[in-house]
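Here's the structure we're looking at; comments come further down.
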Amino acid sequence: MAARGSCPACGSAALVEDAHYAQQQLVCAACGCVLAEGLLTTTYSEEEHLREVAYSQSTGQKEQLSRCLQRGIKRVQDLCKVLQLPKVFEETAVSYFQRALQHPSFHLVSLEKKELLGGCCVFVTCRQHNWPVTMGTICSLLYAKQELFAGVFLSLQKELELSVPALSLADLVTTHLNSFRLFQHADDIPAQYVEDKEKMISRTMQVVELAGETWLVTGRHPIPIVTAAAFLSWQSLRPAARLTCPLARFCKAAGVDLPPPAHLRLKELLGILLRMASQLAWLRVFKMDKKTVVKHIGDLLQHRLFLLKNAFCLEEEEEEKKERPGTAPGEGSPGSPPAGGGVAQEEGCATGGKQQQKDRPGPLLPPCLANPRKRLRTAALSASDSAITGDEPISDSDIEQYLRSPEEIRAFKKAKAWL
Amino acid sequence: MDADSDVALDILITNVVCVFRTRCHLNLRKIALEGANVIYKRDVGKVLMKLRKPRITATIWSSGKVICTGATSEEEAKFGARRLARSLQKLGFQVIFTDFKVVNVLAVCNMPFEIRLPEFTKNNRPNASYEPELHPAVCYRIKTLRATLQIFSTGSITVTGPNVKAVASAVEQIYPFVFESRK
């Protein structure tokens, strides 16, 4: 409520009537100078309208806690409010924070880490209640570096001995899709891009489950997978209008960030879908590519269990066929361990299978095994190296190579003097 | 494949870290001047010396403590450490090779099957820690052996432990758990 008059300190006319706890005050909005205060006692009519103040908001709690703890608790509470978490979460997070700060390994850390500690407590609370929040969200809210956050999170888990259950991908899909803007008509979104929320969530969930069964989720960051899955399911719900839209434009229209790995995940998902499509009876006649397979994602997802089994189970049959003739030559080479031999046979039968029948795909492997990069691993110890005992005599000539001769020393000294 | 059957897995040792003391003060400037293959880090106060025959990098401090890294077996580490002590002796220091100890061994092992990490973490709750947002592998700690294993979904396992025996027993211990959660 603006009031008339000007501030004696800075002269501005922006005066506001404010209340400090139950006391009325006239405050200048520019410099904060208090012009007038209300009466110390309140009238009966004012007391009727007084509200209850929680202990944490009153001054009582402040007097018992140190300033650092107060600031940290306030930060945790603000974070919970921003994330719109239930009240129970806030209390749990604050209790974790208080326990952690008393712990010797967190008492003397830098202020930056103490700020992150609050965020870590909120994150742990959310995970324990299966509330889907990613580390990326908390880091961006705290303007923190991911590596530092990771370090603090791991030490918090260790010191307080908290068990943090895994992030549930299904809940994460729902939460992440809630932040997309494509479910309502807006001016900057073309009409054909708008989609029904329930349909999109259910289809994205199915695509994410498919990714989980085909080794695309293990060990990877979850958000790019959810983004790529959402894009594919959005395209498949109305392929005619949306096939021309690339991933970047989709993310811009939806109002979300495009995480860099999402393109790779999209490629991998399309690869899996193409292999499944090659097994579907009424699609085998068509030549499928990345664009056309999107139209049939609905059918592929409906029969995905059957198609996955067909597309990738062939490696087990071929292994059994190859092992029986393979054991006979295997006995001839005595030194090779059976496991090494087994792996070689698997690879042999996969390539052999590929050569025999061109339309028979290879086994279902994680992507990094399916396209292995060249490995610079040193070979196993040669015979001469394994003879080292550690206690052999060392000849002088061996050592001479590590010492400079006197002429070299003089030359080096001269060169240094020049520099 | 039965988990109890004897499967020979080849464990490849990639790095052995060892320390020893020379029991005498070392003049780093002299080592930097008269030694070949050395790098003098004056700001930190240490000298890096690289040996060729066992491929080893040694960090030498002026107090006489030396750390050697890069060996591929415990014997090779000892051999390299003795070579280094001998080189320092030739440079004129009164070196006594004492307190040799292997501090850390890093090894890699490949399982012949892929591993489902979320399932593995659920079955091995307190010891296993899996955060896909931070690192693609499960971190499994064995407190009794003081060993840490990093288990990847491809079946590759990286083990670090205080010595080679601990590393081998760690792999033996983890095999049945990993076998349960295989593809």
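Note on naming: chains are A, B, ... as they come in the structure tokens, residues start from 1 per chain, ligands start from 1 in the order shown.
Selected on chain A by distance to chain B: Gly219, Arg220, His221, Pro337, Thr389, Gly390, Ile399, Tyr402, Leu403 and Arg404 of chain A (within 6 Å, counting only C-alpha atoms).
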Take the selection from the previous step and output its residues with C-alpha atoms, as a PDB file, in the first residue's frame.
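Final file, again.pdb:
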ATOM      1  CA  GLY A 219      24.830 -46.611 -17.038  1.00  0.00           C
ATOM      2  CA  ARG A 220      23.512 -43.655 -19.014  1.00  0.00           C
ATOM      3  CA  HIS A 221      22.104 -40.338 -17.912  1.00  0.00           C
ATOM      4  CA  PRO A 337      41.161 -70.576 -20.526  1.00  0.00           C
ATOM      5  CA  THR A 389      61.657 -61.734  -9.510  1.00  0.00           C
ATOM      6  CA  GLY A 390      62.415 -58.221  -8.310  1.00  0.00           C
ATOM      7  CA  ILE A 399      72.055 -47.285 -14.962  1.00  0.00           C
ATOM      8  CA  TYR A 402      69.759 -42.533 -16.803  1.00  0.00           C
ATOM      9  CA  LEU A 403      72.686 -40.287 -15.969  1.00  0.00           C
ATOM     10  CA  ARG A 404      74.137 -37.458 -17.943  1.00  0.00           C
TER      11      ARG A 404
END
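For Met200 (chain A), the list of residues within 8 Å, based on only C-alpha atoms and with local chain neighbours fewer than 2 positions off taken out, reads Glu195, Asp196, Lys197, Glu198, Ser202, Arg203, Thr204, Ala230, Ser233, Trp234 and Leu237 of chain A.
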Could those residues be written to a file, using N, CA, C and O atoms, as a short mmCIF file (atom, residue, chain, number, x, y, z; two decimals), in the first residue's frame?
data_model
loop_
_atom_site.label_atom_id
_atom_site.label_comp_id
_atom_site.auth_asym_id
_atom_site.auth_seq_id
_atom_site.Cartn_x
_atom_site.Cartn_y
_atom_site.Cartn_z
N GLU A 195 -0.40 -31.97 -28.49
CA GLU A 195 -0.69 -33.39 -28.30
C GLU A 195 -1.39 -33.61 -26.97
O GLU A 195 -1.26 -32.80 -26.05
N ASP A 196 -2.07 -34.73 -26.87
CA ASP A 196 -2.75 -35.07 -25.62
C ASP A 196 -1.75 -35.64 -24.63
O ASP A 196 -0.93 -36.49 -24.96
N LYS A 197 -1.84 -35.18 -23.38
CA LYS A 197 -0.81 -35.51 -22.40
C LYS A 197 -0.80 -37.00 -22.05
O LYS A 197 0.26 -37.64 -22.03
N GLU A 198 -1.97 -37.58 -21.81
CA GLU A 198 -2.02 -38.96 -21.34
C GLU A 198 -1.45 -39.91 -22.38
O GLU A 198 -0.69 -40.83 -22.07
N SER A 202 1.91 -42.25 -21.86
CA SER A 202 1.89 -43.71 -21.88
C SER A 202 2.80 -44.25 -22.97
O SER A 202 3.52 -45.23 -22.78
N ARG A 203 2.81 -43.57 -24.12
CA ARG A 203 3.66 -44.09 -25.20
C ARG A 203 5.14 -43.88 -24.88
O ARG A 203 5.98 -44.75 -25.13
N THR A 204 5.46 -42.73 -24.29
CA THR A 204 6.86 -42.49 -23.91
C THR A 204 7.32 -43.51 -22.89
O THR A 204 8.45 -44.01 -22.95
N ALA A 230 10.43 -39.25 -25.77
CA ALA A 230 9.28 -38.36 -25.91
C ALA A 230 9.17 -37.87 -27.35
O ALA A 230 8.07 -37.81 -27.92
N SER A 233 7.81 -40.74 -29.54
CA SER A 233 6.39 -41.03 -29.34
C SER A 233 5.54 -39.87 -29.85
O SER A 233 4.46 -40.09 -30.42
N TRP A 234 6.02 -38.64 -29.71
CA TRP A 234 5.28 -37.48 -30.22
C TRP A 234 5.17 -37.54 -31.74
O TRP A 234 4.11 -37.30 -32.32
N LEU A 237 2.66 -40.26 -32.95
CA LEU A 237 1.23 -40.08 -32.74
C LEU A 237 0.59 -39.32 -33.89
O LEU A 237 -0.62 -39.41 -34.10
#
Ranking B:Thr69, B:Thr22, B:Asn104, B:Ser181 by minimum distance to Asn123 (chain B) and counting only C-alpha atoms, which one comes first? B:Ser181
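One distance worth recording is that between CA of Gly72 (chain A) and CA of Val124 (chain A), which is 15.8 Å.
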Counting only C-alpha atoms, what is within 12 Å of Gln173 (chain B), bar same-chain residues fewer than 3 positions away, as a VMD selection string? chain B and resid 3 to 4 140 to 142 144 to 145 147 to 149 159 166 to 170 176 to 179
For the selection you just gave me, I'd like the residues written to a file as a short mmCIF file (atom, residue, chain, number, x, y, z; two decimals), in the first residue's frame, keeping C-alpha atoms.
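Result file follows (out.cif):
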data_model
loop_
_atom_site.label_atom_id
_atom_site.label_comp_id
_atom_site.auth_asym_id
_atom_site.auth_seq_id
_atom_site.Cartn_x
_atom_site.Cartn_y
_atom_site.Cartn_z
CA ALA B 3 28.36 -70.40 -10.89
CA ASP B 4 30.19 -73.06 -8.89
CA TYR B 140 31.22 -52.06 -4.96
CA ARG B 141 33.38 -51.89 -1.84
CA ILE B 142 34.67 -54.92 0.04
CA THR B 144 37.50 -56.76 4.64
CA LEU B 145 39.87 -56.72 1.67
CA ALA B 147 39.18 -53.35 -2.30
CA THR B 148 36.95 -51.30 -4.60
CA LEU B 149 35.42 -52.76 -7.74
CA VAL B 159 39.47 -53.63 -9.29
CA ALA B 166 43.48 -58.98 -2.47
CA VAL B 167 42.56 -58.12 -6.04
CA ALA B 168 42.33 -61.79 -7.01
CA SER B 169 40.18 -62.67 -3.99
CA ALA B 170 37.97 -59.65 -4.66
CA PRO B 176 28.76 -65.23 -7.82
CA PHE B 177 26.93 -61.94 -7.21
CA VAL B 178 27.63 -60.72 -10.70
CA PHE B 179 26.66 -64.07 -12.14
#
Write out as a PyMOL selection string the residues lying within 8 Å of Ser278 (chain A), counting only C-alpha atoms and excluding same-chain residues fewer than 5 positions away. chain A and resi 283-284+288+311
Output file for the residues above (N, CA, C and O atoms, as a PDB file, in the first residue's frame):
ATOM      1  N   LEU A 283       5.602 -55.806 -42.253  1.00  0.00           N
ATOM      2  CA  LEU A 283       6.540 -54.734 -42.588  1.00  0.00           C
ATOM      3  C   LEU A 283       7.752 -55.255 -43.324  1.00  0.00           C
ATOM      4  O   LEU A 283       8.574 -54.501 -43.806  1.00  0.00           O
ATOM      5  N   ARG A 284       7.887 -56.572 -43.362  1.00  0.00           N
ATOM      6  CA  ARG A 284       9.092 -57.134 -43.950  1.00  0.00           C
ATOM      7  C   ARG A 284       9.214 -56.820 -45.427  1.00  0.00           C
ATOM      8  O   ARG A 284      10.317 -56.721 -45.956  1.00  0.00           O
ATOM      9  N   MET A 288      12.416 -50.418 -44.682  1.00  0.00           N
ATOM     10  CA  MET A 288      12.268 -49.451 -43.599  1.00  0.00           C
ATOM     11  C   MET A 288      13.505 -48.600 -43.473  1.00  0.00           C
ATOM     12  O   MET A 288      14.611 -49.100 -43.590  1.00  0.00           O
ATOM     13  N   ALA A 311      14.041 -60.935 -32.774  1.00  0.00           N
ATOM     14  CA  ALA A 311      15.149 -60.223 -33.401  1.00  0.00           C
ATOM     15  C   ALA A 311      16.471 -60.589 -32.769  1.00  0.00           C
ATOM     16  O   ALA A 311      17.502 -60.561 -33.416  1.00  0.00           O
TER      17      ALA A 311
END
Would you kindly return, as number ranges by chain, each protein, DNA or RNA residue with an atom no farther than 10 Å from any atom of region 16-20 of chain B, considering only C-alpha atoms and excluding same-chain residues fewer than 6 positions away? B: 56-59, 64-78, 80-82, 85, 96-107, 160-164
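Between CA of Val88 (chain A) and CA of Leu156 (chain A) there is a distance of 20.2 Å.
Across the model, the gap from CA of Leu48 (chain B) to CA of Pro406 (chain A) is 21.3 Å.
Residues lying within 12 Å of Gln302 (chain A), counting only C-alpha atoms and ignoring same-chain neighbours fewer than 2 positions away, are A:Arg203, A:Gln206, A:Val207, A:Leu210, A:Met276, A:Ala277, A:Leu280, A:His296, A:Ile297, A:Gly298, A:Asp299, A:Leu300, A:Arg304, A:Leu305, A:Phe306, A:Leu307, A:Leu308.
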As a ChimeraX atom specification, please: every residue in chain B that DSSP puts in strand (DSSP E). /B:11-21,38-41,46-51,56-61,65-71,98-110,128-129,138-142,147-151,156-161
Using DSSP on the backbone coordinates, identify the residues of region 53-154 of chain B assigned to alpha helix (DSSP H); present them as a PyMOL selection string. chain B and resi 74-90+117-123
